[in-house]
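Below is the file protein11.cif, which contains mmCIF, C-alpha atoms.
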data_entry
loop_
_atom_site.label_atom_id
_atom_site.label_comp_id
_atom_site.auth_asym_id
_atom_site.auth_seq_id
_atom_site.Cartn_x
_atom_site.Cartn_y
_atom_site.Cartn_z
CA MET G 12 24.85 -25.07 15.35
CA SER G 13 24.40 -24.45 19.07
CA LYS G 14 20.76 -24.02 20.11
CA LYS G 15 19.63 -21.17 22.35
CA ILE G 16 17.42 -22.15 25.27
CA LEU G 17 15.65 -19.36 27.18
CA ILE G 18 14.26 -20.20 30.64
CA VAL G 19 11.71 -17.66 31.85
CA GLY G 20 11.69 -17.72 35.66
CA GLY G 21 14.21 -19.12 38.11
CA GLY G 22 12.08 -20.75 40.78
CA TYR G 23 11.91 -24.52 41.40
CA ALA G 24 11.07 -25.52 37.87
CA GLY G 25 13.41 -23.03 36.19
CA PHE G 26 16.34 -23.77 38.48
CA TYR G 27 16.00 -27.55 38.22
CA THR G 28 15.58 -27.40 34.44
CA ALA G 29 18.78 -25.38 34.06
CA TRP G 30 20.61 -27.55 36.62
CA LYS G 31 19.78 -30.76 34.75
CA LEU G 32 20.44 -29.23 31.33
CA GLU G 33 23.97 -28.38 32.48
CA LYS G 34 24.40 -32.01 33.45
CA TRP G 35 22.99 -33.64 30.31
CA LEU G 36 23.88 -31.26 27.45
CA ARG G 37 27.11 -31.92 25.57
CA ALA G 38 29.68 -29.16 25.12
CA GLY G 39 28.55 -26.77 22.40
CA GLU G 40 25.14 -28.43 22.04
CA ALA G 41 23.14 -25.52 23.46
CA GLU G 42 23.43 -22.21 25.30
CA VAL G 43 21.13 -21.83 28.28
CA THR G 44 19.96 -18.43 29.54
CA ILE G 45 17.75 -18.00 32.61
CA VAL G 46 15.94 -14.71 33.31
CA ASP G 47 14.67 -13.80 36.77
CA PRO G 48 14.70 -10.53 38.75
CA LEU G 49 16.03 -12.31 41.85
CA PRO G 50 19.45 -14.04 42.09
CA TYR G 51 18.15 -17.04 43.99
CA MET G 52 15.56 -19.81 44.11
CA ALA G 53 13.49 -19.93 47.31
CA TYR G 54 12.31 -23.29 48.69
CA LEU G 55 8.70 -22.30 49.37
CA PRO G 56 7.66 -25.24 51.62
CA PHE G 57 10.02 -23.81 54.24
CA LEU G 58 8.41 -20.35 54.33
CA PRO G 59 6.15 -21.12 57.35
CA GLU G 60 9.22 -22.28 59.31
CA VAL G 61 11.18 -19.20 58.21
CA ALA G 62 8.27 -17.06 59.46
CA ALA G 63 8.37 -18.96 62.76
CA GLY G 64 12.12 -18.63 63.26
CA SER G 65 12.84 -22.37 62.83
CA ILE G 66 14.92 -21.87 59.66
CA GLU G 67 17.28 -19.03 58.84
CA PRO G 68 16.07 -17.18 55.72
CA ARG G 69 19.32 -17.57 53.74
CA HIS G 70 19.28 -21.32 54.36
CA ALA G 71 15.95 -21.62 52.51
CA VAL G 72 17.25 -20.07 49.29
CA VAL G 73 19.72 -21.30 46.68
CA ALA G 74 21.96 -18.85 44.83
CA ARG G 75 21.71 -19.70 41.14
CA ARG G 76 25.14 -18.38 40.16
CA ARG G 77 26.77 -20.66 42.72
CA HIS G 78 25.28 -23.80 41.21
CA LEU G 79 24.61 -22.91 37.57
CA SER G 80 28.14 -22.36 36.33
CA LYS G 81 27.36 -22.95 32.64
CA THR G 82 24.09 -21.02 32.49
CA LYS G 83 23.91 -17.33 31.67
CA ASN G 84 21.95 -15.56 34.42
CA VAL G 85 20.11 -12.35 33.48
CA ALA G 86 18.73 -10.21 36.32
CA GLY G 87 15.44 -8.94 34.95
CA LYS G 88 12.05 -9.93 33.62
CA VAL G 89 10.78 -11.29 30.35
CA THR G 90 8.05 -8.75 29.58
CA GLY G 91 7.06 -9.96 26.13
CA ILE G 92 7.06 -13.19 24.12
CA ASN G 93 6.41 -13.57 20.39
CA HIS G 94 6.81 -17.26 19.73
CA ALA G 95 5.81 -16.86 16.09
CA THR G 96 9.19 -15.16 15.58
CA LYS G 97 10.85 -16.91 18.55
CA THR G 98 11.83 -13.66 20.23
CA ALA G 99 11.41 -12.46 23.80
CA THR G 100 11.59 -8.98 25.26
CA ILE G 101 13.87 -8.80 28.31
CA THR G 102 13.62 -5.84 30.68
CA PRO G 103 16.71 -5.99 32.93
CA ASN G 104 16.70 -4.70 36.50
CA THR G 105 19.19 -2.10 35.31
CA GLY G 106 19.82 -1.15 31.70
CA GLU G 107 17.99 -1.04 28.42
CA VAL G 108 15.29 -3.36 27.11
CA THR G 109 16.62 -5.98 24.68
CA GLU G 110 15.21 -8.51 22.25
CA PHE G 111 16.39 -12.11 22.67
CA ALA G 112 16.19 -14.68 19.88
CA TYR G 113 15.78 -18.29 20.99
CA ASP G 114 15.27 -21.78 19.63
CA HIS G 115 13.55 -23.21 22.71
CA ILE G 116 11.65 -21.31 25.39
CA VAL G 117 10.81 -22.72 28.83
CA ILE G 118 7.98 -21.03 30.73
CA THR G 119 8.57 -21.59 34.46
CA THR G 120 7.41 -18.26 35.87
CA GLY G 121 5.75 -19.87 38.89
CA SER G 122 2.81 -18.31 40.66
CA VAL G 123 1.90 -15.31 42.79
CA SER G 124 -0.68 -14.79 45.53
CA ARG G 125 -4.24 -14.75 44.23
CA THR G 126 -6.31 -12.11 45.99
CA PHE G 127 -9.82 -10.74 45.65
CA PRO G 128 -10.99 -7.10 45.71
CA ILE G 129 -11.67 -7.14 49.44
CA PRO G 130 -11.32 -3.67 50.99
CA GLY G 131 -8.07 -3.32 52.93
CA VAL G 132 -6.38 -6.55 51.85
CA ALA G 133 -4.01 -4.94 49.34
CA ASP G 134 -2.98 -2.34 51.96
CA GLU G 135 -2.83 -4.40 55.15
CA ALA G 136 -2.15 -8.07 54.38
CA ILE G 137 1.18 -9.84 53.82
CA GLY G 138 1.42 -12.80 51.44
CA LEU G 139 3.59 -15.85 52.00
CA LYS G 140 5.03 -16.55 48.56
CA THR G 141 8.51 -15.05 48.97
CA ILE G 142 11.33 -15.29 51.47
CA GLU G 143 11.05 -11.55 52.08
CA GLU G 144 7.40 -11.92 53.09
CA ALA G 145 8.24 -14.74 55.51
CA VAL G 146 10.96 -12.60 57.13
CA ALA G 147 8.55 -9.67 57.39
CA VAL G 148 5.93 -11.86 59.11
CA ARG G 149 8.49 -13.11 61.63
CA ASP G 150 9.79 -9.64 62.43
CA ARG G 151 6.28 -8.19 62.66
CA LEU G 152 5.23 -10.87 65.16
CA VAL G 153 8.29 -10.38 67.37
CA GLY G 154 8.04 -6.59 67.04
CA ASN G 155 4.39 -6.68 68.05
CA PHE G 156 5.27 -8.66 71.19
CA GLU G 157 7.89 -6.04 72.02
CA ARG G 158 5.42 -3.19 71.57
CA ALA G 159 2.54 -4.93 73.35
CA ALA G 160 4.66 -5.75 76.41
CA SER G 161 4.88 -2.02 77.21
CA LEU G 162 1.13 -1.36 76.92
CA PRO G 163 -1.54 -1.76 79.63
CA VAL G 164 -3.19 -5.19 79.81
CA GLY G 165 -6.56 -5.12 78.07
CA SER G 166 -5.91 -1.94 76.09
CA PRO G 167 -7.29 -1.94 72.51
CA GLU G 168 -3.85 -1.43 70.93
CA ARG G 169 -2.33 -4.28 72.94
CA LYS G 170 -5.14 -6.61 71.83
CA ARG G 171 -4.65 -5.51 68.22
CA LEU G 172 -0.90 -6.21 68.35
CA LEU G 173 -1.43 -9.69 69.81
CA ASN G 174 -4.06 -10.74 67.27
CA VAL G 175 -2.86 -12.72 64.23
CA VAL G 176 -5.13 -13.52 61.27
CA VAL G 177 -4.38 -16.10 58.56
CA VAL G 178 -6.67 -16.18 55.52
CA GLY G 179 -6.82 -19.52 53.70
CA GLY G 180 -7.15 -23.05 55.06
CA GLY G 181 -5.02 -24.98 52.59
CA PHE G 182 -1.64 -26.47 53.47
CA ALA G 183 0.12 -23.10 53.37
CA GLY G 184 -2.42 -21.42 55.64
CA ILE G 185 -2.60 -24.23 58.19
CA GLU G 186 1.19 -24.62 58.37
CA THR G 187 1.59 -20.86 58.75
CA LEU G 188 -1.02 -20.62 61.51
CA ALA G 189 0.40 -23.62 63.39
CA GLU G 190 4.03 -22.52 63.09
CA LEU G 191 3.27 -18.95 64.18
CA ARG G 192 1.16 -20.21 67.09
CA SER G 193 4.06 -22.40 68.19
CA PHE G 194 6.49 -19.49 67.79
CA ALA G 195 4.22 -17.17 69.79
CA THR G 196 4.08 -19.68 72.64
CA ASN G 197 7.87 -19.87 72.57
CA LEU G 198 8.10 -16.06 72.73
CA LEU G 199 6.16 -16.03 76.02
CA ARG G 200 9.31 -17.28 77.77
CA ARG G 201 11.00 -13.99 76.90
CA TYR G 202 7.96 -11.72 77.24
CA THR G 203 6.74 -12.53 80.71
CA GLU G 204 4.50 -9.44 80.66
CA ILE G 205 2.22 -11.24 78.17
CA SER G 206 0.00 -14.21 79.02
CA PHE G 207 -0.99 -17.11 76.76
CA ASP G 208 -4.67 -16.13 76.87
CA GLU G 209 -3.94 -12.66 75.50
CA ILE G 210 -2.68 -13.99 72.17
CA GLU G 211 -5.36 -14.59 69.55
CA PHE G 212 -4.97 -16.55 66.32
CA HIS G 213 -7.74 -16.67 63.73
CA LEU G 214 -7.92 -18.81 60.59
CA ILE G 215 -10.51 -17.69 58.02
CA GLU G 216 -11.55 -20.27 55.43
CA ALA G 217 -14.40 -19.82 52.93
CA MET G 218 -14.91 -23.58 52.48
CA GLY G 219 -16.42 -26.00 54.97
CA ARG G 220 -13.14 -27.82 55.67
CA ILE G 221 -9.38 -27.31 55.75
CA MET G 222 -6.52 -29.10 53.99
CA PRO G 223 -8.38 -30.94 51.19
CA GLU G 224 -5.17 -32.88 50.44
CA VAL G 225 -5.69 -35.03 53.57
CA SER G 226 -8.63 -37.12 54.73
CA LEU G 227 -11.56 -35.53 56.53
CA GLU G 228 -10.58 -37.40 59.70
CA GLN G 229 -7.08 -35.93 59.56
CA SER G 230 -8.37 -32.41 58.90
CA LEU G 231 -10.74 -32.62 61.87
CA TRP G 232 -7.85 -33.74 64.06
CA VAL G 233 -5.83 -30.71 62.91
CA ILE G 234 -8.72 -28.39 63.79
CA LYS G 235 -9.03 -29.98 67.24
CA MET G 236 -5.28 -29.69 67.83
CA LEU G 237 -5.17 -26.03 66.75
CA THR G 238 -8.22 -25.19 68.85
CA GLU G 239 -6.57 -26.73 71.90
CA ARG G 240 -3.57 -24.48 71.24
CA GLY G 241 -5.83 -21.45 71.39
CA ALA G 242 -6.50 -20.82 67.68
CA GLN G 243 -9.98 -20.00 66.40
CA ILE G 244 -10.97 -21.69 63.13
CA HIS G 245 -13.66 -19.89 61.11
CA LEU G 246 -15.04 -22.28 58.45
CA ASP G 247 -17.65 -21.32 55.83
CA THR G 248 -16.54 -17.77 56.52
CA GLN G 249 -15.41 -15.03 54.17
CA LEU G 250 -13.28 -12.00 54.90
CA GLN G 251 -15.32 -8.97 53.92
CA SER G 252 -13.04 -6.12 54.96
CA ALA G 253 -9.62 -5.50 56.49
CA VAL G 254 -9.51 -1.71 56.23
CA ASP G 255 -6.99 -0.28 58.71
CA GLY G 256 -6.63 -3.74 60.23
CA LYS G 257 -10.27 -4.01 61.29
CA ILE G 258 -11.37 -7.53 60.35
CA GLU G 259 -15.01 -7.93 59.31
CA LEU G 260 -16.29 -11.44 58.62
CA SER G 261 -19.34 -12.69 56.74
CA THR G 262 -20.62 -14.12 60.04
CA GLY G 263 -20.91 -10.62 61.49
CA GLU G 264 -17.86 -10.98 63.74
CA SER G 265 -15.31 -8.19 63.83
CA PHE G 266 -12.00 -7.55 65.59
CA GLU G 267 -8.71 -5.77 64.93
CA SER G 268 -5.37 -7.25 63.93
CA ASP G 269 -1.93 -5.86 63.13
CA LEU G 270 -0.75 -9.01 61.32
CA ILE G 271 -2.85 -10.40 58.47
CA VAL G 272 -1.27 -13.21 56.44
CA TRP G 273 -2.89 -14.05 53.09
CA THR G 274 -2.52 -17.66 51.88
CA ALA G 275 -5.83 -18.07 50.04
CA GLY G 276 -4.62 -19.44 46.73
CA VAL G 277 -2.16 -18.72 43.95
CA MET G 278 -2.35 -17.79 40.26
CA PRO G 279 0.04 -17.69 37.29
CA ARG G 280 1.74 -14.40 36.48
CA PRO G 281 -0.73 -12.26 34.51
CA PHE G 282 1.82 -11.07 31.91
CA LEU G 283 1.51 -14.42 30.10
CA ARG G 284 -1.92 -13.38 28.82
CA GLY G 285 -0.19 -10.72 26.73
CA THR G 286 1.89 -13.26 24.80
CA ASP G 287 0.97 -15.39 21.79
CA LEU G 288 1.21 -18.59 23.83
CA PRO G 289 -2.05 -20.53 24.43
CA ILE G 290 -3.47 -19.75 27.87
CA GLY G 291 -6.11 -21.81 29.68
CA GLY G 292 -9.16 -20.48 31.46
CA ARG G 293 -7.31 -20.19 34.77
CA GLY G 294 -4.41 -18.27 33.24
CA HIS G 295 -2.01 -21.22 32.97
CA VAL G 296 0.06 -22.10 29.92
CA VAL G 297 -1.61 -25.05 28.17
CA ALA G 298 0.60 -28.14 27.93
CA ASN G 299 0.50 -31.85 27.15
CA PRO G 300 1.90 -34.62 29.39
CA LYS G 301 5.25 -34.32 27.59
CA LEU G 302 5.46 -30.74 28.97
CA GLN G 303 5.21 -29.23 25.49
CA ILE G 304 3.09 -26.10 25.19
CA THR G 305 0.17 -26.91 22.91
CA THR G 306 -2.57 -25.20 20.97
CA GLU G 307 -6.11 -25.34 22.33
CA GLU G 308 -6.64 -28.33 20.03
CA GLY G 309 -3.73 -30.15 21.71
CA GLU G 310 -1.16 -29.80 18.93
CA PRO G 311 2.38 -29.29 20.32
CA ILE G 312 4.07 -25.99 19.51
CA GLY G 313 7.67 -26.56 18.45
CA GLY G 314 10.33 -25.20 20.78
CA ALA G 315 7.91 -24.21 23.57
CA TRP G 316 7.93 -25.97 26.95
CA THR G 317 6.55 -25.40 30.44
CA ALA G 318 6.52 -26.84 33.96
CA GLY G 319 5.57 -25.97 37.52
CA ASP G 320 2.85 -23.73 38.92
CA THR G 321 2.40 -21.72 35.74
CA SER G 322 1.58 -24.80 33.63
CA GLN G 323 -1.65 -26.67 32.98
CA VAL G 324 -0.30 -30.23 32.68
CA PRO G 325 -2.68 -33.24 32.54
CA ASP G 326 -2.27 -35.47 35.57
CA LEU G 327 -1.89 -39.07 34.37
CA SER G 328 -1.65 -40.55 37.87
CA SER G 329 -4.31 -42.72 39.48
CA THR G 330 -5.32 -39.80 41.71
CA PRO G 331 -5.42 -36.74 39.41
CA GLY G 332 -5.75 -33.24 40.77
CA PRO G 333 -8.77 -30.94 40.33
CA GLY G 334 -9.89 -30.75 36.72
CA GLY G 335 -7.54 -33.58 35.82
CA PHE G 336 -4.43 -31.39 36.05
CA CYS G 337 -1.35 -31.47 38.26
CA VAL G 338 -1.77 -29.30 41.33
CA PRO G 339 0.64 -26.37 41.84
CA ASN G 340 3.13 -27.68 44.40
CA ALA G 341 6.87 -28.24 44.80
CA GLN G 342 6.60 -31.99 44.31
CA HIS G 343 5.30 -31.57 40.75
CA ALA G 344 7.54 -28.61 39.89
CA VAL G 345 10.76 -30.46 40.73
CA ARG G 346 9.78 -33.72 39.02
CA GLN G 347 8.44 -31.97 35.94
CA ALA G 348 11.60 -29.87 35.62
CA LYS G 349 13.84 -32.93 35.65
CA LEU G 350 11.79 -34.60 32.91
CA LEU G 351 11.56 -31.33 31.01
CA ALA G 352 15.34 -31.06 30.82
CA LYS G 353 15.55 -34.64 29.52
CA ASN G 354 12.88 -33.97 26.91
CA ILE G 355 14.57 -30.81 25.65
CA VAL G 356 17.88 -32.64 25.27
CA ALA G 357 16.14 -35.53 23.51
CA ASP G 358 14.30 -33.13 21.20
CA ILE G 359 17.54 -31.35 20.25
CA ARG G 360 19.08 -34.74 19.40
CA GLY G 361 16.06 -35.91 17.45
CA GLU G 362 15.22 -38.59 20.02
CA GLY G 363 11.84 -39.51 21.50
CA ILE G 364 10.41 -37.60 24.46
CA THR G 365 8.40 -39.07 27.33
CA GLU G 366 5.26 -38.19 29.28
CA TYR G 367 5.13 -36.94 32.84
CA ASN G 368 3.45 -39.58 34.98
CA HIS G 369 4.19 -39.43 38.68
CA LYS G 370 3.50 -41.60 41.68
CA ASN G 371 2.08 -39.50 44.46
CA GLN G 372 4.37 -39.59 47.48
CA GLY G 373 1.68 -38.19 49.74
CA ALA G 374 1.16 -34.91 51.53
CA VAL G 375 3.02 -33.90 54.67
CA ALA G 376 2.73 -30.76 56.78
CA GLY G 377 4.54 -29.38 59.80
CA LEU G 378 2.19 -28.00 62.45
CA GLY G 379 4.59 -26.37 64.85
CA MET G 380 7.32 -27.92 66.94
CA ASN G 381 7.01 -31.73 67.27
CA THR G 382 3.63 -31.97 65.54
CA GLY G 383 2.75 -32.81 61.95
CA VAL G 384 0.34 -34.64 59.70
CA PHE G 385 1.00 -37.07 56.82
CA GLN G 386 -1.39 -38.55 54.26
CA ARG G 387 -0.69 -41.07 51.48
CA GLY G 388 -3.71 -42.69 49.95
CA LYS G 389 -5.77 -44.08 52.81
CA PHE G 390 -2.80 -44.19 55.16
CA GLY G 391 -2.54 -41.29 57.58
CA MET G 392 -0.12 -40.39 60.32
CA ARG G 393 -0.10 -37.55 62.81
CA GLY G 394 1.91 -36.18 65.69
CA TYR G 395 5.65 -36.48 66.28
CA LEU G 396 6.42 -39.12 63.63
CA ALA G 397 4.58 -37.09 60.98
CA TRP G 398 6.58 -34.03 62.04
CA LEU G 399 9.83 -35.97 61.59
CA ALA G 400 8.61 -37.15 58.18
CA HIS G 401 7.92 -33.53 57.22
CA ARG G 402 11.37 -32.37 58.25
CA PHE G 403 13.26 -35.22 56.62
CA TYR G 404 11.26 -35.11 53.40
CA HIS G 405 11.65 -31.39 52.83
CA GLY G 406 15.16 -31.26 54.27
CA LEU G 407 16.29 -33.83 51.72
CA ALA G 408 14.20 -32.30 48.90
CA LEU G 409 15.98 -28.95 49.26
CA PRO G 410 18.45 -28.72 46.34
CA THR G 411 22.24 -28.97 46.94
CA TRP G 412 23.93 -30.63 49.89
CA LYS G 413 25.30 -27.28 51.04
CA ARG G 414 21.79 -26.07 51.77
CA LYS G 415 20.68 -29.40 53.27
CA TRP G 416 23.54 -29.30 55.79
CA ARG G 417 22.76 -25.69 56.72
CA VAL G 418 19.10 -26.46 57.35
CA PHE G 419 19.72 -29.67 59.31
CA GLY G 420 22.50 -27.94 61.23
CA GLY G 421 20.12 -25.13 62.13
CA TRP G 422 17.52 -27.59 63.39
CA VAL G 423 20.11 -29.33 65.57
CA GLY G 424 21.23 -25.96 66.91
CA HIS G 425 17.67 -24.97 67.75
CA PHE G 426 17.16 -28.29 69.56
CA PHE G 427 19.97 -27.42 72.01
CA LEU G 428 19.81 -23.62 72.02
CA GLY G 429 16.17 -22.86 71.20
CA ARG G 430 14.87 -20.59 68.46
CA ASP G 431 16.52 -17.24 67.95
CA THR G 432 13.99 -14.55 68.86
CA VAL G 433 16.01 -11.49 67.84
CA ASN G 434 13.85 -8.92 66.03
CA LEU G 435 15.49 -7.34 62.97
CA GLU G 436 12.48 -5.33 61.89
CA MET G 437 14.64 -2.27 61.24
CA THR G 438 16.23 -4.02 58.24
CA GLN G 439 13.11 -2.96 56.32
CA THR G 440 14.11 0.69 56.80
CA PRO G 441 17.93 0.45 57.02
CA ARG G 442 18.62 4.16 56.44
CA ALA G 443 16.21 5.49 59.08
CA VAL G 444 18.80 6.00 61.84
CA PHE G 445 21.40 7.40 59.44
CA GLU G 446 18.88 9.88 58.01
CA GLU G 447 17.79 10.97 61.48
CA PHE G 448 21.26 12.12 62.49
CA ALA G 449 22.85 12.94 59.12
CA SER G 450 24.08 16.53 58.70
CA ARG G 451 22.46 18.46 55.89
CA PRO G 452 23.51 21.68 54.17
CA LYS G 453 22.03 24.78 55.70
CA PRO G 454 19.41 26.50 53.55
CA LYS G 455 20.84 29.27 51.43
CA THR G 456 19.90 32.76 52.45
CA ASP G 457 19.47 35.62 50.00
#
Reformat the file's structure so that it appears as structure tokens.
Amino acid sequence: MSKKILIVGGGYAGFYTAWKLEKWLRAGEAEVTIVDPLPYMAYLPFLPEVAAGSIEPRHAVVARRRHLSKTKNVAGKVTGINHATKTATITPNTGEVTEFAYDHIVITTGSVSRTFPIPGVADEAIGLKTIEEAVAVRDRLVGNFERAASLPVGSPERKRLLNVVVVGGGFAGIETLAELRSFATNLLRRYTEISFDEIEFHLIEAMGRIMPEVSLEQSLWVIKMLTERGAQIHLDTQLQSAVDGKIELSTGESFESDLIVWTAGVMPRPFLRGTDLPIGGRGHVVANPKLQITTEEGEPIGGAWTAGDTSQVPDLSSTPGPGGFCVPNAQHAVRQAKLLAKNIVADIRGEGITEYNHKNQGAVAGLGMNTGVFQRGKFGMRGYLAWLAHRFYHGLALPTWKRKWRVFGGWVGHFFLGRDTVNLEMTQTPRAVFEEFASRPKPKTD
């Protein structure tokens, strides 16, 4: 009898699991269903470059229906899981709530931005976990240049528009700051009314260093490089308020900004706490190295699997992550998903399953045009070669050759033609012009 496999979440881990299951399952062996409110998988390492105009937004996403021809795609969310009865509640984007019976469930819901109850953050900041957020950051930056160019030099509103704040000094925050700083410098060619010295970039990091994935020497070099580009790095500093765009820091400093980007950590989706699956102290689904969801005592739960950011998987490598678990990044999500698909197929066939044990390929970051940093063990590299390593690694890691060619083609085009600086900010309110001039019925008179 054909087994029913339900994949909850269609990001890296969910997409790759379904992709490999289609490849390895025999005809009639299992039916795979993937549930996600969005029709695509976004390649998150490219979000800083999307925000900086170096990659077109549609080139950084993969349409699931185009590449998952044998998988049933459901546009919606899994809002409830009762693994004791092996049923899940699916709330579609449109339509009625349904109950779905499964034999195997795969939890790959990914992560969302982790914030703190800091006044103003929820109202003013923009995260960088979705392609839509990256596009919004890009359009806001270009739009702010356009607005500032018409204002008097030195005016408070002009200073506010030209002040960018990034909260969080991990890889995501540093790449975002560096890419936006590079993009802003590029914009000065078009906005001659604005000078380099008018643009302010602030990075706020609560810890005493940035980028813990690289050596201290490398991180200090990154700080020096960013400082020379005009960015201000605030270490051992906490954001205390961002109400109405007024930034107040724990050091007593304050200034105003119209673009606040939050990259200070991620967390699993909170809905998992409402299921009967075992959840760890940090909100992750508890798993063993074979990617099976387990009880708190470590006993595997039949038919329950997990991978990616939402999972708490022991790191068996020689350099384990914090707490002895795999860190939430794309490198783990993709590798885990491929093994997960193999293990599910093996389990269905009554064969042995294997543990996830990876060899760290290192950490690489793009820091704006022609500059990057790479770290693998004690070996470090920086500058142009590290930037090339970043582009080639992530360009080749992007799933499907169709998307690889689009991204590499875009980079070649930008090399000869420069980055496209067109502002499409109005796409966020597409009906505004139509509504302004649309004819309406005259009020009825008695």
Enclose all atoms of segment 122-132 of chain G listed in the file in an axis-aligned box, grow every side by 3 Å, and hand back centre and edge lengths in Å to one decimal, as AutoDock Vina command-line options.
--center_x -4.4 --center_y -10.8 --center_z 46.8 --size_x 20.5 --size_y 21.0 --size_z 18.3
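Taking atom CA of Arg293 of chain G and atom CA of Pro331 of chain G as endpoints, the distance between them is 17.3 Å.
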For this session: Return as a list in words the set of residues that the PyMOL selection byres ((chain G and resi 49) around 12) yields on the displayed structure.
Result: Gly20, Gly21, Gly22, Phe26, Ile45, Val46, Asp47, Pro48, Pro50, Tyr51, Met52, Ala53, Val72, Val73, Ala74, Arg75, Arg76, Asn84, Val85, Ala86, Gly87, Lys88, Pro103, Asn104, Thr141, Ile142 and Glu143 of chain G
Problem set entry | Residue IDs satisfying the PyMOL selection byres ((chain G and resi 249) around 7), as a ChimeraX atom specification | /G:215-217,247-248,250-251,260-261
Exercise. Hey, what's within 10 Å of Gly39 of chain G if we count all atoms listed in the file and toss same-chain stuff fewer than 2 positions away? As a ChimeraX atom specification, please?
Worked result: /G:12-14,36-37,41-42
For this session: Pull out every residue that the PyMOL selection byres ((chain G and resi 310) around 12) matches in the shown coordinates and put them as a ChimeraX atom specification.
Result: /G:289,297-301,303-309,311-313,315
Exercise. Smallest atom-to-atom distance to Leu199 of chain G: which of G:Val233, G:Val177, G:Ala352, G:Val153, using only C-alpha atoms?
Worked result: G:Val153
Problem set entry | Expected answer as a list in words: all residues with atoms within 10 Å of (-11.1, -6.6, 58.5), all atoms listed in the file | Ile129, Pro130, Gly131, Val132, Glu135, Ala136, Val176, Leu250, Gln251, Ser252, Ala253, Val254, Asp255, Gly256, Lys257, Ile258, Glu259, Leu260, Glu264, Ser265, Phe266, Glu267, Ser268 and Ile271 of chain G
For this session: Calculate how many Å separate atom CA of Phe390 of chain G from atom CA of Ser226 of chain G, rounding to one decimal.
Result: 9.2 Å
Grab segment 355-379 of chain G from that structure and dump C-alpha atoms to a file, as a tab-separated table (two decimals), in the first residue's frame.
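Saved result, decode-v1.tsv, follows:
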chain	number	residue	atom	x	y	z
G	355	ILE	CA	12.72	7.86	4.60
G	356	VAL	CA	13.03	5.70	1.49
G	357	ALA	CA	15.17	3.20	3.39
G	358	ASP	CA	12.70	3.13	6.28
G	359	ILE	CA	9.77	2.47	3.93
G	360	ARG	CA	11.71	-0.44	2.41
G	361	GLY	CA	12.76	-1.83	5.78
G	362	GLU	CA	16.42	-1.00	5.18
G	363	GLY	CA	18.92	0.58	7.57
G	364	ILE	CA	19.13	4.36	7.96
G	365	THR	CA	22.30	6.39	8.49
G	366	GLU	CA	23.45	9.25	10.70
G	367	TYR	CA	24.08	12.81	9.60
G	368	ASN	CA	27.78	13.55	9.94
G	369	HIS	CA	29.12	16.38	7.85
G	370	LYS	CA	32.50	17.80	7.02
G	371	ASN	CA	32.48	21.53	7.51
G	372	GLN	CA	33.21	23.29	4.23
G	373	GLY	CA	33.92	26.56	5.98
G	374	ALA	CA	32.17	29.90	6.19
G	375	VAL	CA	32.18	32.46	3.41
G	376	ALA	CA	30.62	35.92	3.26
G	377	GLY	CA	30.28	38.60	0.61
G	378	LEU	CA	31.08	42.08	1.90
G	379	GLY	CA	30.06	44.25	-1.01
